[in-house]
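What follows is the content of protein_21.pdb (PDB, N, CA and C atoms).
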ATOM      1  N   MET Y1315       9.690   5.794  16.610
ATOM      2  CA  MET Y1315      10.272   6.335  15.383
ATOM      3  C   MET Y1315       9.303   6.085  14.223
ATOM      4  N   ARG Y1316       9.046   7.098  13.467
ATOM      5  CA  ARG Y1316       8.103   7.035  12.353
ATOM      6  C   ARG Y1316       8.734   6.336  11.154
ATOM      7  N   SER Y1317       7.937   5.479  10.508
ATOM      8  CA  SER Y1317       8.406   4.786   9.308
ATOM      9  C   SER Y1317       8.486   5.752   8.130
ATOM     10  N   PRO Y1318       9.498   5.608   7.264
ATOM     11  CA  PRO Y1318       9.569   6.432   6.065
ATOM     12  C   PRO Y1318       8.365   6.229   5.139
ATOM     13  N   LEU Y1319       7.669   5.098   5.302
ATOM     14  CA  LEU Y1319       6.512   4.804   4.464
ATOM     15  C   LEU Y1319       5.293   5.643   4.826
ATOM     16  N   GLU Y1320       5.325   6.257   5.990
ATOM     17  CA  GLU Y1320       4.182   7.048   6.439
ATOM     18  C   GLU Y1320       4.035   8.378   5.699
ATOM     19  N   VAL Y1321       4.953   8.686   4.789
ATOM     20  CA  VAL Y1321       4.769   9.869   3.940
ATOM     21  C   VAL Y1321       3.757   9.587   2.825
ATOM     22  N   ILE Y1322       3.442   8.324   2.607
ATOM     23  CA  ILE Y1322       2.482   7.928   1.581
ATOM     24  C   ILE Y1322       1.076   8.246   2.091
ATOM     25  N   PRO Y1323       0.274   8.938   1.287
ATOM     26  CA  PRO Y1323      -1.102   9.226   1.718
ATOM     27  C   PRO Y1323      -1.856   7.948   2.080
ATOM     28  N   GLY Y1324      -2.508   7.969   3.227
ATOM     29  CA  GLY Y1324      -3.293   6.822   3.675
ATOM     30  C   GLY Y1324      -2.507   5.782   4.456
ATOM     31  N   VAL Y1325      -1.194   5.931   4.517
ATOM     32  CA  VAL Y1325      -0.354   4.947   5.225
ATOM     33  C   VAL Y1325       0.012   5.494   6.592
ATOM     34  N   GLY Y1326      -0.468   4.785   7.600
ATOM     35  CA  GLY Y1326      -0.124   5.106   8.979
ATOM     36  C   GLY Y1326       0.764   4.015   9.542
ATOM     37  N   PRO Y1327       0.938   3.994  10.840
ATOM     38  CA  PRO Y1327       1.835   3.008  11.463
ATOM     39  C   PRO Y1327       1.461   1.549  11.171
ATOM     40  N   SER Y1328       0.181   1.248  11.151
ATOM     41  CA  SER Y1328      -0.251  -0.139  10.939
ATOM     42  C   SER Y1328       0.063  -0.628   9.525
ATOM     43  N   ILE Y1329      -0.301   0.156   8.522
ATOM     44  CA  ILE Y1329      -0.024  -0.241   7.134
ATOM     45  C   ILE Y1329       1.481  -0.228   6.871
ATOM     46  N   ALA Y1330       2.185   0.742   7.433
ATOM     47  CA  ALA Y1330       3.645   0.767   7.285
ATOM     48  C   ALA Y1330       4.248  -0.515   7.854
ATOM     49  N   ALA Y1331       3.741  -0.970   8.986
ATOM     50  CA  ALA Y1331       4.226  -2.220   9.587
ATOM     51  C   ALA Y1331       3.918  -3.414   8.679
ATOM     52  N   ASP Y1332       2.755  -3.390   8.022
ATOM     53  CA  ASP Y1332       2.419  -4.465   7.077
ATOM     54  C   ASP Y1332       3.426  -4.491   5.934
ATOM     55  N   PHE Y1333       3.710  -3.326   5.354
ATOM     56  CA  PHE Y1333       4.691  -3.267   4.269
ATOM     57  C   PHE Y1333       6.059  -3.763   4.744
ATOM     58  N   GLU Y1334       6.456  -3.325   5.921
ATOM     59  CA  GLU Y1334       7.767  -3.723   6.445
ATOM     60  C   GLU Y1334       7.818  -5.230   6.684
ATOM     61  N   GLN Y1335       6.709  -5.798   7.129
ATOM     62  CA  GLN Y1335       6.648  -7.252   7.329
ATOM     63  C   GLN Y1335       6.842  -7.987   6.000
ATOM     64  N   LEU Y1336       6.418  -7.344   4.907
ATOM     65  CA  LEU Y1336       6.570  -7.937   3.575
ATOM     66  C   LEU Y1336       7.918  -7.599   2.930
ATOM     67  N   GLY Y1337       8.760  -6.838   3.635
ATOM     68  CA  GLY Y1337      10.101  -6.543   3.139
ATOM     69  C   GLY Y1337      10.252  -5.198   2.445
ATOM     70  N   TYR Y1338       9.225  -4.355   2.516
ATOM     71  CA  TYR Y1338       9.266  -3.028   1.889
ATOM     72  C   TYR Y1338       9.495  -1.988   2.975
ATOM     73  N   ARG Y1339      10.606  -1.288   2.908
ATOM     74  CA  ARG Y1339      10.983  -0.373   3.978
ATOM     75  C   ARG Y1339      10.981   1.104   3.577
ATOM     76  N   THR Y1340      11.028   1.359   2.264
ATOM     77  CA  THR Y1340      11.044   2.743   1.776
ATOM     78  C   THR Y1340      10.018   2.896   0.654
ATOM     79  N   VAL Y1341       9.702   4.138   0.345
ATOM     80  CA  VAL Y1341       8.791   4.419  -0.758
ATOM     81  C   VAL Y1341       9.367   3.842  -2.054
ATOM     82  N   ALA Y1342      10.649   4.034  -2.272
ATOM     83  CA  ALA Y1342      11.290   3.528  -3.488
ATOM     84  C   ALA Y1342      11.160   2.010  -3.622
ATOM     85  N   ASP Y1343      11.137   1.293  -2.503
ATOM     86  CA  ASP Y1343      10.978  -0.167  -2.546
ATOM     87  C   ASP Y1343       9.651  -0.574  -3.187
ATOM     88  N   LEU Y1344       8.639   0.282  -3.067
ATOM     89  CA  LEU Y1344       7.301  -0.035  -3.587
ATOM     90  C   LEU Y1344       7.128   0.304  -5.066
ATOM     91  N   GLU Y1345       8.069   1.016  -5.638
ATOM     92  CA  GLU Y1345       7.953   1.417  -7.041
ATOM     93  C   GLU Y1345       7.800   0.199  -7.941
ATOM     94  N   GLY Y1346       6.701   0.174  -8.697
ATOM     95  CA  GLY Y1346       6.447  -0.921  -9.636
ATOM     96  C   GLY Y1346       5.986  -2.220  -9.003
ATOM     97  N   ALA Y1347       5.747  -2.234  -7.706
ATOM     98  CA  ALA Y1347       5.307  -3.456  -7.032
ATOM     99  C   ALA Y1347       3.894  -3.843  -7.479
ATOM    100  N   ASP Y1348       3.529  -5.082  -7.256
ATOM    101  CA  ASP Y1348       2.199  -5.592  -7.586
ATOM    102  C   ASP Y1348       1.352  -5.544  -6.308
ATOM    103  N   ALA Y1349       0.468  -4.556  -6.221
ATOM    104  CA  ALA Y1349      -0.331  -4.353  -5.006
ATOM    105  C   ALA Y1349      -1.185  -5.565  -4.678
ATOM    106  N   GLU Y1350      -1.770  -6.199  -5.705
ATOM    107  CA  GLU Y1350      -2.610  -7.378  -5.459
ATOM    108  C   GLU Y1350      -1.788  -8.508  -4.842
ATOM    109  N   GLN Y1351      -0.567  -8.698  -5.365
ATOM    110  CA  GLN Y1351       0.281  -9.765  -4.819
ATOM    111  C   GLN Y1351       0.715  -9.445  -3.391
ATOM    112  N   LEU Y1352       1.013  -8.176  -3.121
ATOM    113  CA  LEU Y1352       1.363  -7.787  -1.749
ATOM    114  C   LEU Y1352       0.216  -8.121  -0.799
ATOM    115  N   TYR Y1353      -1.008  -7.801  -1.230
ATOM    116  CA  TYR Y1353      -2.196  -8.076  -0.414
ATOM    117  C   TYR Y1353      -2.349  -9.583  -0.168
ATOM    118  N   LEU Y1354      -2.205 -10.386  -1.231
ATOM    119  CA  LEU Y1354      -2.321 -11.840  -1.086
ATOM    120  C   LEU Y1354      -1.223 -12.391  -0.175
ATOM    121  N   ASP Y1355      -0.012 -11.860  -0.305
ATOM    122  CA  ASP Y1355       1.097 -12.298   0.556
ATOM    123  C   ASP Y1355       0.804 -11.974   2.023
ATOM    124  N   LEU Y1356       0.234 -10.798   2.267
ATOM    125  CA  LEU Y1356      -0.098 -10.420   3.639
ATOM    126  C   LEU Y1356      -1.197 -11.325   4.191
ATOM    127  N   CYS Y1357      -2.204 -11.619   3.369
ATOM    128  CA  CYS Y1357      -3.261 -12.550   3.802
ATOM    129  C   CYS Y1357      -2.660 -13.912   4.147
ATOM    130  N   ASP Y1358      -1.745 -14.398   3.311
ATOM    131  CA  ASP Y1358      -1.082 -15.684   3.577
ATOM    132  C   ASP Y1358      -0.318 -15.641   4.893
ATOM    133  N   ARG Y1359       0.405 -14.568   5.132
ATOM    134  CA  ARG Y1359       1.176 -14.436   6.382
ATOM    135  C   ARG Y1359       0.260 -14.441   7.604
ATOM    136  N   ARG Y1360      -0.892 -13.820   7.463
ATOM    137  CA  ARG Y1360      -1.842 -13.734   8.579
ATOM    138  C   ARG Y1360      -2.703 -14.989   8.701
ATOM    139  N   GLY Y1361      -2.750 -15.779   7.637
ATOM    140  CA  GLY Y1361      -3.574 -16.980   7.657
ATOM    141  C   GLY Y1361      -5.067 -16.670   7.629
ATOM    142  N   ALA Y1362      -5.424 -15.517   7.072
ATOM    143  CA  ALA Y1362      -6.827 -15.108   7.019
ATOM    144  C   ALA Y1362      -7.003 -14.042   5.944
ATOM    145  N   GLN Y1363      -8.245 -13.922   5.491
ATOM    146  CA  GLN Y1363      -8.592 -12.857   4.549
ATOM    147  C   GLN Y1363      -8.592 -11.536   5.306
ATOM    148  N   ILE Y1364      -7.868 -10.556   4.800
ATOM    149  CA  ILE Y1364      -7.787  -9.234   5.416
ATOM    150  C   ILE Y1364      -8.776  -8.322   4.691
ATOM    151  N   ASP Y1365      -9.304  -7.353   5.393
ATOM    152  CA  ASP Y1365     -10.235  -6.392   4.814
ATOM    153  C   ASP Y1365      -9.664  -5.837   3.512
ATOM    154  N   ARG Y1366     -10.494  -5.782   2.469
ATOM    155  CA  ARG Y1366     -10.028  -5.322   1.157
ATOM    156  C   ARG Y1366      -9.609  -3.860   1.155
ATOM    157  N   CYS Y1367      -9.986  -3.111   2.165
ATOM    158  CA  CYS Y1367      -9.528  -1.723   2.262
ATOM    159  C   CYS Y1367      -8.005  -1.664   2.298
ATOM    160  N   VAL Y1368      -7.385  -2.685   2.852
ATOM    161  CA  VAL Y1368      -5.915  -2.748   2.873
ATOM    162  C   VAL Y1368      -5.391  -2.820   1.438
ATOM    163  N   LEU Y1369      -6.047  -3.611   0.605
ATOM    164  CA  LEU Y1369      -5.657  -3.689  -0.807
ATOM    165  C   LEU Y1369      -5.761  -2.325  -1.464
ATOM    166  N   TYR Y1370      -6.810  -1.580  -1.169
ATOM    167  CA  TYR Y1370      -6.991  -0.262  -1.778
ATOM    168  C   TYR Y1370      -5.866   0.688  -1.367
ATOM    169  N   VAL Y1371      -5.467   0.612  -0.101
ATOM    170  CA  VAL Y1371      -4.346   1.435   0.368
ATOM    171  C   VAL Y1371      -3.053   0.978  -0.312
ATOM    172  N   PHE Y1372      -2.877  -0.329  -0.479
ATOM    173  CA  PHE Y1372      -1.693  -0.842  -1.165
ATOM    174  C   PHE Y1372      -1.638  -0.322  -2.604
ATOM    175  N   ARG Y1373      -2.778  -0.344  -3.297
ATOM    176  CA  ARG Y1373      -2.817   0.158  -4.676
ATOM    177  C   ARG Y1373      -2.406   1.632  -4.724
ATOM    178  N   CYS Y1374      -2.952   2.398  -3.811
ATOM    179  CA  CYS Y1374      -2.640   3.824  -3.746
ATOM    180  C   CYS Y1374      -1.153   4.030  -3.459
ATOM    181  N   ALA Y1375      -0.604   3.258  -2.547
ATOM    182  CA  ALA Y1375       0.801   3.392  -2.164
ATOM    183  C   ALA Y1375       1.732   3.070  -3.327
ATOM    184  N   VAL Y1376       1.415   2.012  -4.074
ATOM    185  CA  VAL Y1376       2.245   1.650  -5.227
ATOM    186  C   VAL Y1376       2.156   2.745  -6.283
ATOM    187  N   TYR Y1377       0.964   3.288  -6.490
ATOM    188  CA  TYR Y1377       0.809   4.401  -7.433
ATOM    189  C   TYR Y1377       1.676   5.582  -7.000
ATOM    190  N   PHE Y1378       1.581   5.957  -5.733
ATOM    191  CA  PHE Y1378       2.362   7.070  -5.200
ATOM    192  C   PHE Y1378       3.856   6.845  -5.423
ATOM    193  N   ALA Y1379       4.316   5.633  -5.169
ATOM    194  CA  ALA Y1379       5.742   5.316  -5.304
ATOM    195  C   ALA Y1379       6.194   5.280  -6.764
ATOM    196  N   SER Y1380       5.262   5.022  -7.671
ATOM    197  CA  SER Y1380       5.619   4.805  -9.073
ATOM    198  C   SER Y1380       5.440   6.027  -9.971
ATOM    199  N   GLU Y1381       4.766   7.056  -9.487
ATOM    200  CA  GLU Y1381       4.478   8.235 -10.306
ATOM    201  C   GLU Y1381       5.286   9.446  -9.849
ATOM    202  N   ALA Y1382       5.940  10.097 -10.776
ATOM    203  CA  ALA Y1382       6.719  11.297 -10.452
ATOM    204  C   ALA Y1382       5.808  12.478 -10.119
ATOM    205  N   ASP Y1383       4.667  12.560 -10.801
ATOM    206  CA  ASP Y1383       3.728  13.666 -10.605
ATOM    207  C   ASP Y1383       2.322  13.082 -10.436
ATOM    208  N   PRO Y1384       2.034  12.508  -9.264
ATOM    209  CA  PRO Y1384       0.754  11.813  -9.080
ATOM    210  C   PRO Y1384      -0.456  12.745  -9.092
ATOM    211  N   ASP Y1385      -1.547  12.228  -9.628
ATOM    212  CA  ASP Y1385      -2.832  12.923  -9.646
ATOM    213  C   ASP Y1385      -3.356  12.966  -8.203
ATOM    214  N   PRO Y1386      -3.669  14.141  -7.662
ATOM    215  CA  PRO Y1386      -4.140  14.243  -6.277
ATOM    216  C   PRO Y1386      -5.368  13.375  -5.973
ATOM    217  N   GLU Y1387      -6.245  13.193  -6.954
ATOM    218  CA  GLU Y1387      -7.431  12.351  -6.725
ATOM    219  C   GLU Y1387      -7.042  10.883  -6.546
ATOM    220  N   LYS Y1388      -5.958  10.478  -7.170
ATOM    221  CA  LYS Y1388      -5.506   9.090  -7.048
ATOM    222  C   LYS Y1388      -4.707   8.870  -5.772
ATOM    223  N   LEU Y1389      -4.512   9.917  -4.987
ATOM    224  CA  LEU Y1389      -3.812   9.772  -3.712
ATOM    225  C   LEU Y1389      -4.796   9.582  -2.557
ATOM    226  N   LYS Y1390      -6.051   9.361  -2.892
ATOM    227  CA  LYS Y1390      -7.091   9.041  -1.907
ATOM    228  C   LYS Y1390      -7.360   7.550  -2.044
ATOM    229  N   TRP Y1391      -7.041   6.782  -1.006
ATOM    230  CA  TRP Y1391      -7.112   5.325  -1.106
ATOM    231  C   TRP Y1391      -8.486   4.831  -1.534
ATOM    232  N   TRP Y1392      -9.558   5.533  -1.169
ATOM    233  CA  TRP Y1392     -10.901   5.061  -1.494
ATOM    234  C   TRP Y1392     -11.185   5.149  -2.991
ATOM    235  N   ASN Y1393     -10.358   5.856  -3.726
ATOM    236  CA  ASN Y1393     -10.506   5.899  -5.180
ATOM    237  C   ASN Y1393      -9.875   4.682  -5.856
ATOM    238  N   TRP Y1394      -9.342   3.761  -5.067
ATOM    239  CA  TRP Y1394      -8.706   2.544  -5.591
ATOM    240  C   TRP Y1394      -9.542   1.299  -5.327
ATOM    241  N   LYS Y1395     -10.818   1.496  -4.995
ATOM    242  CA  LYS Y1395     -11.713   0.356  -4.753
ATOM    243  C   LYS Y1395     -11.882  -0.465  -6.027
ATOM    244  N   ASP Y1396     -12.334  -1.714  -5.850
ATOM    245  CA  ASP Y1396     -12.603  -2.586  -6.992
ATOM    246  C   ASP Y1396     -13.714  -1.978  -7.839
ATOM    247  N   PRO Y1397     -13.606  -2.084  -9.169
ATOM    248  CA  PRO Y1397     -14.688  -1.574 -10.020
ATOM    249  C   PRO Y1397     -15.950  -2.398  -9.794
ATOM    250  N   LYS Y1398     -17.084  -1.723  -9.903
ATOM    251  CA  LYS Y1398     -18.363  -2.439  -9.705
ATOM    252  C   LYS Y1398     -18.917  -2.937 -11.006
TER     253      LYS Y1398
END

Translate the structure described by the file into structure tokens.
Amino acid sequence: MRSPLEVIPGVGPSIAADFEQLGYRTVADLEGADAEQLYLDLCDRRGAQIDRCVLYVFRCAVYFASEADPDPEKLKWWNWKDPK
């Protein structure tokens, strides 16, 4: 059964499972969430530093959940990388 979170651009079964492990089950649950804190919580649960690409997908997902009319360019997770 497909997770409702998989409608978010860039979110597949693995990332959806990460969100669900953190207690987020729907897109609406992510509205206004702190992507950085979600990433840190997931790292704590795993007991290891997780690839920062996960953080970028989390940022994109929170944006998607929080915006009524999202900018299509901001729905590409790679556009959420850390500034250089």

Selection: 6.5 Å around Leu1389 in chain Y, all atoms listed in the file, excl. self and same-chain fewer than 3 positions, as a ChimeraX atom specification: /Y:1323-1324,1374,1384-1386,1392

From the DSSP assignment of the backbone, select every residue of chain Y that is alpha helix (DSSP H), and format the answer as a PyMOL selection string. chain Y and resi 1327-1335+1341-1344+1349-1360+1366-1380

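For the atom pair formed by atom C of Cys1367 in chain Y and atom C of Glu1334 in chain Y, the distance is 16.8 Å, given to one decimal.
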
Can you pull out the residues contacting range 1351-1358 of chain Y? Cut-off 6.5 Å, using only N, CA and C atoms, and skip same-chain residues under 6 positions away; I want them as a ChimeraX atom specification. /Y:1364,1368-1369

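Considering only C-alpha atoms, the residue among Y:Lys1395, Y:Glu1387, Y:Ala1347, Y:Asp1332 positioned nearest to Arg1366 in chain Y is Y:Lys1395.
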
Expected selection from the PyMOL selection byres ((chain Y and resi 1345) around 6.5), given as JSON, numbers by chain: {"Y": [1341, 1342, 1343, 1344, 1346, 1347, 1376, 1379, 1380]}

Please put the answer as JSON: centre and edge lengths, in Å with one decimal, of a box along x, y and z that encloses all listed atoms of range 1363-1368 of chain Y plus 8 Å on each side.
{"center_x": -7.9, "center_y": -7.8, "center_z": 3.3, "size_x": 21.1, "size_y": 28.3, "size_z": 20.3}

Using only N, CA and C atoms for the distances, tell me which of Y:Phe1333, Y:Tyr1370, Y:Tyr1377, Y:Tyr1338 is nearest to Trp1394 in chain Y. Y:Tyr1370

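For the atom pair formed by atom C of Arg1360 in chain Y and CA of Leu1336 in chain Y, the distance is 12.7 Å, given to one decimal.
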
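Atom pair CA of Arg1359 in chain Y / CA of Val1325 in chain Y has a distance of 19.5 Å (rounded to one decimal).
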
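Shortest atom-to-atom contact with Phe1372 in chain Y among Y:Ile1329, Y:Thr1340, Y:Lys1388, Y:Pro1397: Y:Ile1329, counting only C-alpha atoms.
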